[in-house]
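Below is one structure; the comments refer to it alone.
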Amino acid sequence: MLLVVGQIGKPHGVRGEVSVAVRTDEPEERFVAGSVFTTEVPRDRRVSSGPATAPGIAYQVPPSLAAESVRWHQGRAIVQFEGVHDRNVAEALRGVLLQVDSSMVSSPADPDEFNDHELVGLRVVSVAGEDLGAVARIDHAPASDLIVLDRSGGGTALIPFVSQMVPTVDVAGGRIVVDLPEGLLDL
């Protein structure tokens with residue numbers, strides 16, 4: 001499974017550097033010189049197809065990019081990728097998602113922390129044992145993380161990922177136990 005760890009933003013300067021919006025909890029581990037990322041061009045990307053490599057031939061985003069150098073500026077990574085040495089090619093990369101394989105991501109040392117991909121697909125059950133559905137994804141809201149639940153009866157629901165409502169997460173057992181206030185799933 002590929003995990004998005006960043007998205008390329010606008011070019012920074014004229015030598016091919018780009019800003020990267022980081023989407024990982026460990027940016028210092030992911031964004032270092034020599035890191036290789038799998039690329040994905042989003043379908044809704046609103047930029048040009050980039051410079052032509054030859055007359056009439058459109059630039060193609062490579063399947064992977066290797067970081068040549070990384071520095072930090074105002075909370076964003078400024079990355080120079082191998083083979084990207086001018087602003088035109090850097091502009092063609094705008095919007096591209098940077099991904100790593102989930103097998104390359106280690107589990108957190110804290111037993112109360114989880115990587116999002118470890119939770120997707122787990123069954124969600126009430127403290128009374130009622131099957132409520134499965135975890136579709138984890139949304140990261142400003143106040144707290146939210147479990148997006150694909151309900152067994154159809155539809156989706158949001159569950160705040162806080163210890164009062166989610167007392168047990170059993171990744172090995174494939175389930176999450178929730179203690180929800182009455183009516184929360186009816187919203």
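In the structure tokens, chains take the letters A, B, ... in the order shown, each chain's residues start at 1, and ligands count up from 1 in the order shown.
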
Subject >> Non-local contacts of segment 108-115 of chain A (12 Å; only C-alpha atoms; under 3 positions in same chain excluded) as a list in words >> reply: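 Here the answer would be Leu3, Thr24, Asp25, Glu26, Ser102, Ser103, Val105, Glu118, Leu119, Val120, Arg137, Ile138, Asp145, Phe161, Val162, Ser163, Val166, Pro167, Thr168, Val169, Asp170 and Val171 of chain A.
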
**OP:** Find the residues near Glu182 of chain A: any atom within 12 Å, counting only C-alpha atoms, skip ones fewer than 5 places away on the same chain, and give them as a ChimeraX atom specification.
**Re:** /A:126,165,187

**OP:** Please provide as an NGL selection string all residues within 12 Å of Glu130 of chain A, with the sequence filter that same-chain residues fewer than 5 positions apart are discarded (counting only C-alpha atoms).
**Re:** :A and (123-125 or 151-152 or 175-180)

Could you save the residues just selected, with N, CA, C and O atoms, as a short mmCIF file (atom, residue, chain, number, x, y, z; two decimals), in the first residue's frame?
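Writing the result to again-v8.cif gives the following:
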```
data_model
loop_
_atom_site.label_atom_id
_atom_site.label_comp_id
_atom_site.auth_asym_id
_atom_site.auth_seq_id
_atom_site.Cartn_x
_atom_site.Cartn_y
_atom_site.Cartn_z
N ARG A 123 -12.60 -3.69 11.94
CA ARG A 123 -14.02 -3.70 12.31
C ARG A 123 -14.20 -2.79 13.52
O ARG A 123 -13.35 -2.75 14.41
N VAL A 124 -15.31 -2.08 13.55
CA VAL A 124 -15.64 -1.22 14.68
C VAL A 124 -16.85 -1.84 15.37
O VAL A 124 -17.88 -2.09 14.74
N VAL A 125 -16.70 -2.10 16.68
CA VAL A 125 -17.78 -2.72 17.46
C VAL A 125 -18.04 -1.87 18.70
O VAL A 125 -17.15 -1.20 19.22
N ARG A 151 -20.60 2.31 7.68
CA ARG A 151 -21.57 1.61 8.53
C ARG A 151 -22.06 0.33 7.89
O ARG A 151 -22.23 0.25 6.68
N SER A 152 -22.32 -0.67 8.74
CA SER A 152 -22.79 -1.97 8.27
C SER A 152 -24.11 -1.85 7.52
O SER A 152 -24.34 -2.55 6.54
N ARG A 175 -9.88 -5.15 15.31
CA ARG A 175 -11.10 -4.46 15.73
C ARG A 175 -10.80 -3.25 16.60
O ARG A 175 -9.75 -3.14 17.22
N ILE A 176 -11.76 -2.34 16.59
CA ILE A 176 -11.74 -1.16 17.44
C ILE A 176 -13.03 -1.18 18.24
O ILE A 176 -14.12 -1.35 17.67
N VAL A 177 -12.92 -1.04 19.56
CA VAL A 177 -14.10 -0.99 20.42
C VAL A 177 -14.40 0.46 20.72
O VAL A 177 -13.51 1.23 21.08
N VAL A 178 -15.68 0.84 20.53
CA VAL A 178 -16.09 2.23 20.78
C VAL A 178 -17.19 2.28 21.83
O VAL A 178 -18.02 1.38 21.93
N ASP A 179 -17.17 3.34 22.62
CA ASP A 179 -18.19 3.61 23.64
C ASP A 179 -18.77 4.98 23.29
O ASP A 179 -18.27 6.00 23.75
N LEU A 180 -19.84 4.98 22.50
CA LEU A 180 -20.38 6.22 21.93
C LEU A 180 -21.57 6.72 22.69
O LEU A 180 -22.40 5.93 23.17
#
```

**OP:** Can you work out the spacing between atom CA of Gly155 of chain A and atom CA of Arg43 of chain A in Å, to one decimal?
**Re:** 25.3 Å

Give the strand (DSSP E or B) residues of segment 105-166 of chain A, as assigned by DSSP on the backbone, as a PDB file with C-alpha atoms, in the first residue's frame.
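And here's part-v5.pdb as it stands now:
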```pdb
ATOM      1  CA  ARG A 123     -14.016  -3.698  12.308  1.00  0.00           C
ATOM      2  CA  VAL A 124     -15.644  -1.222  14.684  1.00  0.00           C
ATOM      3  CA  VAL A 125     -17.777  -2.716  17.464  1.00  0.00           C
ATOM      4  CA  SER A 126     -19.642  -1.182  20.376  1.00  0.00           C
ATOM      5  CA  ASP A 131     -20.857  -4.652  14.835  1.00  0.00           C
ATOM      6  CA  LEU A 132     -21.059  -1.058  13.602  1.00  0.00           C
ATOM      7  CA  GLY A 133     -18.984  -1.281  10.417  1.00  0.00           C
ATOM      8  CA  ALA A 134     -15.389  -0.830   9.272  1.00  0.00           C
ATOM      9  CA  VAL A 135     -12.857   1.994   9.279  1.00  0.00           C
ATOM     10  CA  ALA A 136     -12.798   3.636   5.836  1.00  0.00           C
ATOM     11  CA  ARG A 137     -10.100   6.190   6.666  1.00  0.00           C
ATOM     12  CA  ILE A 138      -8.850   8.562   9.343  1.00  0.00           C
ATOM     13  CA  ASP A 139      -9.491  12.289   8.872  1.00  0.00           C
ATOM     14  CA  HIS A 140      -7.241  14.735  10.671  1.00  0.00           C
ATOM     15  CA  ASP A 145      -8.699  12.900  14.533  1.00  0.00           C
ATOM     16  CA  LEU A 146     -11.904  11.346  13.213  1.00  0.00           C
ATOM     17  CA  ILE A 147     -12.628   7.747  12.335  1.00  0.00           C
ATOM     18  CA  VAL A 148     -14.631   7.651   9.108  1.00  0.00           C
ATOM     19  CA  LEU A 149     -16.865   4.624   9.590  1.00  0.00           C
ATOM     20  CA  ASP A 150     -18.428   2.684   6.708  1.00  0.00           C
ATOM     21  CA  ARG A 151     -21.569   1.614   8.530  1.00  0.00           C
ATOM     22  CA  THR A 156     -20.876   6.712   6.776  1.00  0.00           C
ATOM     23  CA  ALA A 157     -20.421   8.220  10.221  1.00  0.00           C
ATOM     24  CA  LEU A 158     -17.687  10.199  11.964  1.00  0.00           C
ATOM     25  CA  ILE A 159     -16.365   9.114  15.355  1.00  0.00           C
ATOM     26  CA  PRO A 160     -13.965  11.359  17.288  1.00  0.00           C
TER      27      PRO A 160
END
```

Original post:
Which of these residues is nearest to Ser69 of chain A, using only C-alpha atoms: A:Pro181, A:Pro42, A:Gly34, A:Pro27?
Top reply: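 Under the stated criterion, the closest residue is A:Gly34.
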
Original post:
Contacts of Gly9 of chain A at 6 Å or less, counting only C-alpha atoms, minus same-chain residues fewer than 5 places along, as an NGL selection string?
Top reply: :A and (19-20 or 94-95)

**OP:** For atom CA of Gly13 of chain A and atom CA of Ala90 of chain A, quote the distance in Å rounded to one decimal.
**Re:**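 These atoms are spaced 9.6 Å apart.
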
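Here atom CA of Ala92 of chain A is placed at a distance of 7.7 Å from atom CA of Val61 of chain A.
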
**OP:** Determine, counting only C-alpha atoms, which protein, DNA and RNA residues have an atom within 12 Å of an atom of Gln7 of chain A; residues of the same chain fewer than 2 positions away are not included. Present the result as a PyMOL selection string.
**Re:** chain A and resi 3-5+9-10+18-24+31+37-42+45+76-79+93-99

Original post:
Residues of chain A in helix (DSSP H, G or I) according to DSSP, as JSON, numbers by chain?
Top reply: {"A": [27, 28, 29, 30, 87, 88, 89, 90, 91, 92, 102, 103, 104, 116, 117, 118, 119, 184, 185, 186]}
